[in-house]
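Peer 1: Coordinates in start00.csv, CSV, C-alpha atoms, are listed below.
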```csv
chain,number,residue,atom,x,y,z
A,26,MET,CA,173.4,31.0,70.9
A,27,ARG,CA,171.0,30.2,68.2
A,28,SER,CA,171.6,31.9,64.8
A,29,PRO,CA,168.9,34.4,63.7
A,30,VAL,CA,166.3,32.7,61.5
A,31,LEU,CA,163.6,34.4,59.6
A,32,ALA,CA,161.2,32.3,57.6
A,33,ILE,CA,158.1,33.6,55.8
A,34,LEU,CA,156.1,31.8,53.2
A,35,PHE,CA,153.6,33.6,50.9
A,36,LEU,CA,150.8,31.3,49.9
A,37,ALA,CA,148.7,33.6,47.6
A,38,ALA,CA,150.7,33.0,44.5
A,39,ALA,CA,148.8,32.0,41.4
A,40,ALA,CA,149.3,28.4,40.1
A,41,ILE,CA,151.7,27.9,37.2
A,42,PRO,CA,149.9,26.6,34.1
A,43,ALA,CA,150.9,23.0,33.3
A,44,ALA,CA,152.0,24.0,29.8
A,45,ALA,CA,154.7,26.3,31.3
A,46,GLN,CA,156.3,23.6,33.5
A,47,THR,CA,159.6,22.3,32.3
A,48,GLY,CA,160.1,19.8,35.1
A,49,ALA,CA,158.3,17.9,37.8
A,50,GLN,CA,156.4,19.3,40.8
A,51,LEU,CA,157.0,17.8,44.3
A,52,SER,CA,154.2,18.4,46.7
A,53,GLY,CA,153.4,16.9,50.1
A,54,ARG,CA,152.8,17.2,53.7
A,55,VAL,CA,155.0,17.2,56.8
A,56,VAL,CA,153.4,15.5,59.8
A,57,GLU,CA,154.2,14.4,63.3
A,58,ARG,CA,155.0,10.6,63.4
A,59,GLY,CA,152.0,8.6,64.7
A,60,SER,CA,149.4,11.3,64.1
A,61,ASP,CA,147.9,13.3,61.2
A,62,SER,CA,148.9,16.6,62.7
A,63,GLY,CA,150.6,18.8,60.2
A,64,ILE,CA,153.8,20.6,61.2
A,65,ALA,CA,153.8,24.3,60.3
A,66,GLY,CA,157.0,26.1,59.3
A,67,ALA,CA,159.0,23.0,58.4
A,68,THR,CA,161.9,23.8,56.1
A,69,ILE,CA,162.0,21.6,52.9
A,70,GLU,CA,165.3,21.8,51.1
A,71,ILE,CA,166.0,20.3,47.6
A,72,GLY,CA,169.4,21.4,46.4
A,73,SER,CA,169.4,25.2,46.4
A,74,ARG,CA,165.6,25.4,46.6
A,75,GLN,CA,163.9,25.9,50.0
A,76,VAL,CA,160.3,26.3,51.0
A,77,LEU,CA,158.2,26.2,54.2
A,78,SER,CA,155.2,24.1,55.0
A,79,ASP,CA,152.0,26.0,55.7
A,80,PHE,CA,149.9,25.7,58.9
A,81,GLU,CA,148.6,22.3,57.7
A,82,GLY,CA,152.1,21.1,57.0
A,83,ARG,CA,151.6,21.2,53.2
A,84,PHE,CA,154.3,22.4,50.7
A,85,VAL,CA,154.9,22.6,47.0
A,86,VAL,CA,158.2,22.8,45.1
A,87,GLY,CA,157.8,23.3,41.3
A,88,GLU,CA,160.0,23.1,38.3
A,89,LEU,CA,162.3,20.4,39.5
A,90,PRO,CA,164.4,18.4,37.0
A,91,PHE,CA,163.5,14.8,36.6
A,92,GLY,CA,165.6,12.3,38.4
A,93,THR,CA,166.5,11.4,42.0
A,94,HIS,CA,166.8,14.2,44.6
A,95,PRO,CA,167.7,14.2,48.3
A,96,VAL,CA,165.1,16.1,50.3
A,97,ALA,CA,166.1,17.5,53.7
A,98,ILE,CA,163.3,18.4,56.2
A,99,ASN,CA,163.8,20.4,59.4
A,100,ALA,CA,161.3,21.7,61.9
A,101,TYR,CA,161.5,23.4,65.3
A,102,GLY,CA,161.1,20.8,68.0
A,103,TYR,CA,161.6,17.8,65.7
A,104,SER,CA,164.5,15.6,64.6
A,105,PRO,CA,165.7,16.5,61.1
A,106,ARG,CA,165.2,13.9,58.4
A,107,GLU,CA,166.4,13.4,54.8
A,108,VAL,CA,164.6,11.3,52.2
A,109,SER,CA,165.4,10.5,48.6
A,110,VAL,CA,162.7,11.1,46.0
A,111,ARG,CA,162.7,10.0,42.4
A,112,LEU,CA,160.8,12.3,40.1
A,113,THR,CA,159.5,11.0,36.8
A,114,GLY,CA,156.5,13.3,36.9
A,115,ASP,CA,154.5,15.3,39.5
A,116,THR,CA,154.9,13.6,42.8
A,117,SER,CA,153.3,13.8,46.2
A,118,ILE,CA,154.9,12.6,49.5
A,119,VAL,CA,154.1,12.5,53.2
A,120,VAL,CA,157.1,12.9,55.5
A,121,GLN,CA,156.8,11.9,59.2
A,122,LEU,CA,159.1,13.7,61.8
A,123,ASP,CA,159.9,12.5,65.3
A,124,PRO,CA,159.4,15.0,68.2
A,125,ALA,CA,162.8,15.9,69.7
A,126,PRO,CA,163.7,17.6,73.0
A,127,ILE,CA,164.4,21.3,72.5
A,128,SER,CA,167.6,22.6,74.0
A,129,LEU,CA,166.6,25.6,76.1
A,130,ASP,CA,169.3,28.2,75.8
A,131,SER,CA,169.2,31.3,77.8
A,132,LEU,CA,167.1,33.1,75.3
A,133,LEU,CA,164.3,30.6,75.4
A,134,VAL,CA,164.4,30.1,79.1
A,135,GLU,CA,163.8,33.8,79.6
A,136,GLY,CA,160.8,33.6,77.3
A,137,ARG,CA,162.4,36.1,74.9
A,138,THR,CA,160.2,38.2,72.7
A,139,ILE,CA,160.9,40.2,69.5
A,140,THR,CA,159.5,43.1,67.5
A,141,VAL,CA,158.2,42.5,64.0
A,142,GLN,CA,157.9,45.7,61.9
A,143,GLY,CA,157.8,46.7,58.3
A,144,GLU,CA,156.0,48.3,55.4
A,145,VAL,CA,153.2,47.3,53.1
A,146,TYR,CA,153.0,48.4,49.4
A,147,GLU,CA,150.8,47.6,46.4
A,148,ARG,CA,152.9,45.6,44.0
A,149,GLY,CA,154.4,47.9,41.4
A,150,ASP,CA,153.7,51.1,43.5
A,151,ASP,CA,156.1,52.8,45.9
A,152,ARG,CA,153.3,54.2,48.0
A,153,GLY,CA,152.6,52.6,51.4
A,154,LEU,CA,149.1,51.2,52.0
A,155,LEU,CA,146.9,52.6,54.8
A,156,ASP,CA,144.8,50.4,57.1
A,157,VAL,CA,146.2,47.0,56.1
A,158,GLU,CA,145.6,44.5,58.9
A,159,ILE,CA,148.7,42.7,60.1
A,160,ARG,CA,148.1,39.8,62.4
A,161,VAL,CA,150.3,37.3,64.2
A,162,GLU,CA,148.3,34.6,65.9
A,163,PRO,CA,146.9,34.3,68.4
A,164,ASP,CA,146.5,37.8,69.7
A,165,HIS,CA,148.9,40.3,68.1
A,166,GLU,CA,147.2,42.7,65.6
A,167,THR,CA,147.8,46.1,64.2
A,168,TYR,CA,147.1,48.2,61.1
A,169,THR,CA,149.4,50.1,58.8
A,170,ASN,CA,149.7,53.9,59.2
A,171,SER,CA,149.4,56.5,56.4
A,172,VAL,CA,152.7,55.6,54.9
A,173,GLY,CA,152.2,51.8,55.1
A,174,ARG,CA,154.3,51.1,58.2
A,175,PHE,CA,153.4,48.7,61.0
A,176,LYS,CA,155.0,47.5,64.3
A,177,LEU,CA,154.1,44.5,66.4
A,178,GLU,CA,155.9,44.0,69.8
A,179,ASP,CA,156.2,41.2,72.3
A,180,ILE,CA,156.1,38.4,69.6
A,181,PRO,CA,157.3,35.1,71.0
A,182,ALA,CA,160.7,34.3,69.5
A,183,GLY,CA,161.3,30.9,67.9
A,184,PRO,CA,158.2,28.8,67.2
A,185,PRO,CA,156.4,29.2,63.9
A,186,LEU,CA,153.4,31.5,64.2
A,187,ARG,CA,150.5,32.1,61.8
A,188,PHE,CA,151.0,35.4,60.0
A,189,SER,CA,148.4,37.2,57.9
A,190,VAL,CA,148.1,40.4,55.9
A,191,ARG,CA,144.7,41.7,54.7
A,192,GLY,CA,143.9,44.9,52.8
A,193,PHE,CA,140.7,45.9,51.2
A,194,GLY,CA,140.8,45.2,47.5
A,195,PHE,CA,143.9,43.1,47.7
A,196,LEU,CA,144.6,39.3,47.8
A,197,PRO,CA,145.3,38.3,51.4
A,198,ILE,CA,148.5,36.7,52.5
A,199,GLU,CA,148.5,33.7,54.8
A,200,SER,CA,151.9,32.8,56.0
A,201,VAL,CA,154.2,31.3,58.6
A,202,LEU,CA,156.6,33.5,60.6
A,203,SER,CA,159.5,32.2,62.6
A,204,ALA,CA,162.2,34.5,63.9
A,205,PHE,CA,164.7,34.7,66.7
A,206,GLU,CA,165.6,38.4,66.4
A,207,ASP,CA,163.8,41.6,65.8
A,208,THR,CA,162.7,41.5,62.2
A,209,THR,CA,161.8,44.0,59.4
A,210,LEU,CA,159.5,42.9,56.5
A,211,VAL,CA,158.7,44.6,53.2
A,212,ILE,CA,155.4,43.2,51.9
A,213,HIS,CA,153.9,43.7,48.5
A,214,LEU,CA,150.1,43.0,48.0
A,215,GLU,CA,148.6,42.0,44.7
A,216,ALA,CA,145.3,43.6,43.7
A,217,ASP,CA,142.3,41.3,43.9
A,218,SER,CA,140.7,41.6,40.4
A,219,VAL,CA,137.4,40.3,41.6
A,220,ALA,CA,137.2,42.8,44.5
A,221,GLN,CA,138.4,45.6,42.2
A,222,ARG,CA,135.5,44.9,39.8
A,223,MET,CA,133.0,44.9,42.6
A,224,ILE,CA,134.4,48.2,43.9
A,225,GLN,CA,134.2,49.7,40.5
A,226,GLN,CA,130.5,48.6,40.1
A,227,GLN,CA,129.6,50.4,43.3
A,228,VAL,CA,131.6,53.5,42.2
A,229,GLU,CA,129.6,53.5,38.9
A,230,ARG,CA,126.3,53.4,40.8
A,231,ILE,CA,127.4,56.5,42.8
A,232,VAL,CA,128.6,58.3,39.7
A,233,ASN,CA,125.3,57.5,37.9
A,234,ARG,CA,123.3,58.8,40.9
A,235,ALA,CA,125.2,62.1,40.9
A,236,ARG,CA,125.3,62.8,37.2
A,237,PRO,CA,121.9,64.6,36.9
A,238,HIS,CA,122.8,66.7,39.9
A,239,ALA,CA,126.4,67.5,39.3
A,240,THR,CA,127.9,71.0,39.4
A,241,ALA,CA,130.1,72.0,36.5
A,242,VAL,CA,132.3,74.4,38.4
A,243,MET,CA,132.9,71.9,41.2
A,244,PRO,CA,133.7,68.6,39.4
A,245,ALA,CA,133.9,65.3,41.4
A,246,LEU,CA,137.2,64.1,42.7
A,247,ASN,CA,137.9,60.5,42.1
A,248,ARG,CA,140.3,58.2,44.0
A,249,GLU,CA,143.1,58.7,41.5
A,250,TYR,CA,143.0,62.5,42.0
A,251,LEU,CA,142.8,62.2,45.8
A,252,LEU,CA,145.9,59.9,46.0
A,253,ARG,CA,147.9,62.5,44.2
A,254,ASN,CA,147.6,64.6,47.4
A,255,ARG,CA,148.6,62.1,50.0
A,256,ASN,CA,150.3,64.6,52.2
A,257,ALA,CA,147.1,66.6,52.6
A,258,THR,CA,143.8,66.0,54.4
A,259,ALA,CA,140.4,65.9,52.7
A,260,LEU,CA,139.8,69.4,54.0
A,261,ASP,CA,143.0,70.7,52.3
A,262,ILE,CA,142.1,69.0,49.1
A,263,VAL,CA,138.5,70.4,48.8
A,264,GLN,CA,139.7,73.9,49.8
A,265,SER,CA,142.4,73.8,47.2
A,266,ARG,CA,140.2,72.4,44.4
A,267,TYR,CA,137.0,74.3,45.0
A,268,GLY,CA,138.3,77.5,46.5
A,269,ARG,CA,135.7,80.3,46.9
A,270,PHE,CA,132.9,78.0,45.5
A,271,LEU,CA,132.9,76.2,48.9
A,272,ALA,CA,130.8,79.2,50.2
A,273,ARG,CA,127.9,77.6,48.4
A,274,VAL,CA,127.9,74.4,50.5
A,275,ARG,CA,125.1,74.2,52.9
A,276,CYS,CA,125.3,70.5,54.0
A,277,ILE,CA,127.9,67.8,54.0
A,278,LEU,CA,127.3,64.1,53.9
A,279,ILE,CA,129.9,61.5,54.8
A,280,ASP,CA,129.0,58.0,53.7
A,281,ASP,CA,125.3,59.1,53.5
A,282,ARG,CA,125.4,60.5,57.1
A,283,GLN,CA,124.8,64.2,57.4
A,284,SER,CA,127.6,66.0,59.2
A,285,TYR,CA,126.8,68.9,61.5
A,286,ASN,CA,130.4,69.9,62.1
A,287,GLY,CA,130.8,71.6,58.8
A,288,LEU,CA,134.0,71.4,56.7
A,289,ALA,CA,136.1,71.0,59.9
A,290,GLU,CA,135.2,67.3,60.0
A,291,LEU,CA,137.0,66.7,56.7
A,292,ALA,CA,140.3,67.5,58.4
A,293,HIS,CA,140.0,64.0,60.1
A,294,PHE,CA,140.2,62.1,56.8
A,295,LEU,CA,143.3,61.2,54.7
A,296,PRO,CA,143.2,60.7,51.0
A,297,ASP,CA,143.9,57.0,51.3
A,298,GLU,CA,140.6,56.6,53.3
A,299,LEU,CA,138.5,58.1,50.6
A,300,GLU,CA,137.0,56.9,47.3
A,301,ARG,CA,135.2,59.9,46.0
A,302,VAL,CA,134.2,63.5,46.7
A,303,GLU,CA,131.3,65.1,44.8
A,304,VAL,CA,129.3,68.4,44.9
A,305,LEU,CA,125.6,68.3,43.9
A,306,LEU,CA,122.6,70.5,43.5
A,307,ARG,CA,124.4,73.7,42.3
A,308,GLY,CA,127.0,73.4,45.0
A,309,VAL,CA,124.8,73.2,48.1
A,310,MET,CA,125.6,69.5,48.9
A,311,LEU,CA,129.1,68.1,49.4
A,312,ARG,CA,129.2,64.3,49.6
A,313,ILE,CA,132.2,62.2,50.8
A,314,TYR,CA,132.5,58.5,50.2
A,315,THR,CA,135.1,56.5,52.2
A,316,ARG,CA,136.6,53.1,51.4
A,317,ASP,CA,134.7,51.6,54.3
A,318,TYR,CA,131.5,52.8,52.6
A,319,LEU,CA,132.5,50.8,49.5
A,320,ARG,CA,133.5,47.8,51.6
A,321,ASP,CA,130.1,47.6,53.3
A,322,ARG,CA,128.2,47.8,50.0
A,323,LEU,CA,130.0,45.3,47.8
A,324,GLY,CA,127.5,43.2,46.0
A,325,GLN,CA,124.5,45.4,46.7
A,326,THR,CA,122.2,46.2,43.8
A,327,ALA,CA,119.4,48.2,45.3
A,328,LYS,CA,118.8,51.6,43.7
A,329,LEU,CA,120.4,54.5,45.5
A,330,PRO,CA,118.0,57.2,46.6
A,331,THR,CA,117.9,60.6,44.8
A,332,PRO,CA,119.9,63.4,46.6
A,333,VAL,CA,117.6,65.7,48.4
A,334,TYR,CA,118.3,69.2,49.9
A,335,VAL,CA,115.7,70.8,52.2
A,336,PRO,CA,116.5,74.4,53.3
A,337,GLY,CA,116.3,75.1,57.0
A,338,SER,CA,118.4,75.7,60.1
A,339,PRO,CA,120.0,73.3,60.0
A,340,PRO,CA,119.1,72.1,56.4
A,341,LEU,CA,118.1,68.5,55.8
A,342,CYS,CA,120.1,66.5,53.4
A,343,ARG,CA,120.1,62.9,52.2
```
How does this structure look as structure tokens?
Peer 2:
Amino acid sequence: MRSPVLAILFLAAAAIPAAAQTGAQLSGRVVERGSDSGIAGATIEIGSRQVLSDFEGRFVVGELPFGTHPVAINAYGYSPREVSVRLTGDTSIVVQLDPAPISLDSLLVEGRTITVQGEVYERGDDRGLLDVEIRVEPDHETYTNSVGRFKLEDIPAGPPLRFSVRGFGFLPIESVLSAFEDTTLVIHLEADSVAQRMIQQQVERIVNRARPHATAVMPALNREYLLRNRNATALDIVQSRYGRFLARVRCILIDDRQSYNGLAELAHFLPDELERVEVLLRGVMLRIYTRDYLRDRLGQTAKLPTPVYVPGSPPLCR
């Protein structure tokens, strides 16, 4: 029986400045002999170092000492190969592998599938991330729940598959996944500094629009405050924060859409889904902004309209 193998390669790491390198870098590509087709998920071993090729067959191994090194290359469905590489500086190679018959043990004959599950966090934070897209090509996709957990079932066992992780405001991960048994992953996402700046710009536009209409006794709730209450709903949070002053509210807008379901609609939102809560015009207007609202407006510069409240039954808000 084939031994369990899990291989995952994260490709979003920042490049190491040349000045920090103390040795040579070996880069290259693993291809099928006789073609230019890259081989994904090939294992490249140099001493105790091991990396995987990406979906184009490319790989990079940095900080190698100068000198001659044996390099072992293995890939599912190909004959293993070992080459010798002499490093006097940064070096690039192309390694050709020969296709090899695959021994079909009982697991493969039965078309065995596995389950891939795990948790996704922001690096440096122990809170799971909500609504992160987890995808295994070609057709397995899910999103993390409120505590950052995910589960994908019926994943083909064995061959390397494209694996991606995408969360709003974070650097995406493009990877290769190869496993023969049920697998659990713990994934840490890095904040995308460019996306975070763009998000902040949109938040500042919202804050500036609200400032002349703010209500002192019902201050705005920013994302930092909302995330301190992750076990609650948006309804729980506004009721706790504003208390009896909520009786002033006559209309609620969610992402600039007027809600006619009253405060009850807020029970459907979790803090992770929200960016900001604000109360305007002496407390008659409650506005909710979600992360999706921010996502749809990144890069927009048009002036936001002035908040308007028109009494009536029901009142008109915008």
Peer 1: Which one is closest to A:Met310: A:Arg322, A:Arg191, A:Lys328, A:Arg275? Count only C-alpha atoms.
Peer 2: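 The shortest atom-to-atom distance to A:Met310 comes from A:Arg275.
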Peer 1: Which is closest to A:Ala272 among A:Leu311, A:Leu252, A:Phe80, A:Met223, if we use only C-alpha atoms?
Peer 2: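 With only C-alpha atoms as the atom set, the closest residue is A:Leu311.
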Peer 1: Could you work out how far atom CA of A:Ala235 lies from atom CA of A:Val304, giving the answer in Å with one decimal?
Peer 2: 8.5 Å
Peer 1: Skipping near chain neighbours, those fewer than 4 positions away, what residues fall within 7 Å of A:Thr93 using all atoms listed in the file, listed as a PyMOL selection string?
Peer 2: chain A and resi 109-112
Peer 1: With only C-alpha atoms as the atoms that count, which of A:Val76, A:Cys276, A:Ile118, A:Ile69 lies nearest to A:Ala97?
Peer 2: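 Distance minimum relative to A:Ala97 lands on A:Ile69.
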Peer 1: Can you tell me which residues surround A:Arg307 at a distance of at most 8 Å, considering all atoms listed in the file, apart from same-chain residues fewer than 6 positions away, and format the answer as a list in words?
Peer 2: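 What passes the distance filter is His238, Ala239 and Thr240 of chain A.
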